[in-house]
Amino acid sequence: MPVTPRAHQAEKPMSSTQQLDRRAFLMGVGGVAMALPVLDAMGAEVAEQIPKRFCAIYTANGMSLPRAEHGMDDWSWFPSAKKGNDFVFGKSTEPFSPYRNQLSFMGGLYHPSGPKADPHVCSDMWLTGAPLHNPKPGSYNSAGLDQVIAQHTKQYCRQPSLVLSIDAGTGFLSRTGTISYSLEGRPIPAENNPRRIFNRLFRVDRDSMKTEREDLKRRIKLVDAVVESTKALNNVLGKSDRERLEQYLTSLNEVESRLISSEKWVDVPLKKQDYSHLNLNVTSEGEPADYYRNMFDLIALAFDADITRSVTFMLNREDGMGISDTFPLKLKLSKTHHGLSHANDKAGQLDFAKYDLFLSQQVAHFLEMLNKYKDKNGCILDNTIVLFGSGASTTHNTKNLPTLIAGGAKMGLKHGTYWKNNDTRMSNMHLSILRSMGVEKESFADSTGTLNSPVFTRA
């Protein structure tokens with residue numbers, strides 16, 4: 001279906017004493033409901049609510065879990081000592097040790113569809129638990145956790161969600177470059193350029209939105225023409241071509257949704273912040289640490305200004321795809337990221353663990369920033385659930401997924417533990433996250449209930 005620009009009616013100014021129902025909606029053309037932003041006019045009760053946020057951080061190719069015969073247990077990504085509160089950080093996760101009481105390791109998680117699928121699509125289903133209706137990559141997915149959360153939080157902030165990746169766009173049908181999927185299961189294009197991300201988040205004004213909307217209308221007009229000219233050829237066009245068009249339409253819908261949300265907030269001043277530590281000229285082709293840290297700093301600033309409450313960041317892509325596969329080489333390690341994940345010798349597995357150490361340092365920096373910024377009731381990390389992990393454990397093994405949960409202390413999460421229960425559905429953890437976010441859903445994907453873990457007391 002072609003995307004049609006939605007008409008907007010001018011809104012009448014509201015008096016300072018007038019209050020709106022928190023469930024107030026604007027109705028667009030075709031009966032499309034658009035939630036109003038939660039502004040002061042909606043009353044102090046809503047305006048004083050502390051934000052609840054979610055950030056999912058994904059790394060491809062699994063984590064290092066060295067073979068026993070190499071005598072490298074202290075380099076295992078999972079804690080190598082006792083479960084529970086007595087766990088000891090491995091060398092690759094030592095950067096997280098200052099945040100011991102703000103995070104937990106989760107073992108034994110998996111998606112039932114994972115072992116039945118192409119192992120290279122494990123990133124696709126990490127946040128969706130995709131039912132395996134069709135085993136072809138890119139053709140079978142369902143709603144992502146981040147987008148379900150965004151549907152719940154979008155009326156409270158300027159942008160429904162922020163989708164980031166080491167590589168922009170959606171990647172290929174066989175190897176996606178995003179971990180975010182719409183409510184219809186379509187991949188949402190990711191952004192990877194720090195300057196464009198900064199401008200989108202912090203340089204929004206009427207002129208920039210006018211330019212972006214004009215560009216959107218031009219692209220919509222082009223798509224309408226393409227769709228009209230190919231209607232008669234639909235039985236002849238290849239399925240991959242139709243899927244590419246659907247992905248492009250998803251991209252346009254995402255841009256339009258973001259514009260609609262931003263336009264409602266254009267006259268509301270942004271929180272004053274210090275941007276001096278940012279380097280917006282870094283790229284994924286430069287120094288890996290500089291790139292990752294600037295991306296994490298942008299996410300932290302977006303949370304601090306309450307621009308969005310749902311973020312995904314794909315650090316690496318599966319199967320050696322994308323620029324980040326060469327990052328270990330830039331760090332003077334012996335092989336590419338994908339190559340290290342397949343290493344069976346002691347030296348190769350040690351280098352794989354050292355790359356895990358590098359990633360831990362970057363995510364730990366993010367936790368440091370979320371501790372630095374403050375909400376009214378404590379640090380931002382206490383009101384943010386950070387999910388960090390991979391869709392595989394050892395090479396192409398889609399069970400016992402390496403998973404770390406951080407933050408959320410003010411949302412009912414209790415930390416400082418290593419919890420493990422073999423063959424536990426990851427979608428049960430996703431449902432627990434939703435409940436902690438205040439999203440009262442009965443189920444998510446193939447969940448059988450919330451996670452039976454002391455970490456999630458709210459669920």
# chains A, B, ... in the order shown; residues from 1 in each chain; ligands from 1
$ closest_atom_pairs --of "stretch 297-336 of chain A" --to "stretch 164-181 of chain A" --cutoff "9 Å" --atoms "only C-alpha atoms" --output "JSON lines"
{"residue": "A:Val311", "atom": "CA", "partner": "A:Leu164", "partner_atom": "CA", "distance": 7.6}
{"residue": "A:Thr312", "atom": "CA", "partner": "A:Leu164", "partner_atom": "CA", "distance": 5.9}
{"residue": "A:Phe313", "atom": "CA", "partner": "A:Leu164", "partner_atom": "CA", "distance": 4.6}
{"residue": "A:Met314", "atom": "CA", "partner": "A:Ser165", "partner_atom": "CA", "distance": 4.4}
{"residue": "A:Leu315", "atom": "CA", "partner": "A:Ile166", "partner_atom": "CA", "distance": 5.5}
{"residue": "A:Asn316", "atom": "CA", "partner": "A:Ile166", "partner_atom": "CA", "distance": 6.2}
{"residue": "A:Arg317", "atom": "CA", "partner": "A:Gly177", "partner_atom": "CA", "distance": 6.4}
{"residue": "A:Glu318", "atom": "CA", "partner": "A:Arg175", "partner_atom": "CA", "distance": 7.0}
{"residue": "A:Asp319", "atom": "CA", "partner": "A:Arg175", "partner_atom": "CA", "distance": 8.0}
{"residue": "A:Met321", "atom": "CA", "partner": "A:Arg175", "partner_atom": "CA", "distance": 7.7}
{"residue": "A:Gly322", "atom": "CA", "partner": "A:Asp167", "partner_atom": "CA", "distance": 6.4}
{"residue": "A:Ile323", "atom": "CA", "partner": "A:Asp167", "partner_atom": "CA", "distance": 7.3}
{"residue": "A:Ser324", "atom": "CA", "partner": "A:Ile166", "partner_atom": "CA", "distance": 6.9}
$ closest_residue --among "A:Asn422, A:Gln362, A:Ser334, A:Thr457" --to "A:Lys410" --atoms "only C-alpha atoms"
A:Thr457
$ select_by_dssp --residues "stretch 349-394 of chain A" --states "alpha helix (DSSP H)" --output "list in words"
Gln349, Leu350, Asp351, Phe352, Ala353, Lys354, Tyr355, Asp356, Leu357, Phe358, Leu359, Ser360, Gln361, Gln362, Val363, Ala364, His365, Phe366, Leu367, Glu368, Met369, Leu370, Asn371 and Lys372 of chain A
$ residues_around --residues "A:Tyr99" --least-positions-apart "6" --cutoff "10 Å" --atoms "only C-alpha atoms" --output "list in words"
Ala364, Leu367, Glu368, Asn371, Ala406, Gly407, His415 and Gly416 of chain A
$ residues_around --residues "A:Thr283" --least-positions-apart "5" --cutoff "10 Å" --atoms "only C-alpha atoms" --output "VMD selection string"
chain A and resid 166 192 to 195 288 290 to 292 294 to 295
$ write_last_selection --atoms "C-alpha atoms" --output "compact mmCIF listing (two decimals), in the first residue's frame"
# COMPACT_ATOMS: atom_id res chain seq x y z
CA ILE A 166 27.02 0.13 13.22
CA ASN A 192 24.88 5.27 12.26
CA ASN A 193 26.13 8.82 11.64
CA PRO A 194 26.71 10.75 14.91
CA ARG A 195 26.19 14.18 13.35
CA PRO A 288 36.33 1.93 17.28
CA ASP A 290 35.86 6.85 19.78
CA TYR A 291 32.93 5.87 17.61
CA TYR A 292 31.17 3.70 20.18
CA ASN A 294 30.22 9.06 21.05
CA MET A 295 27.22 6.95 20.07
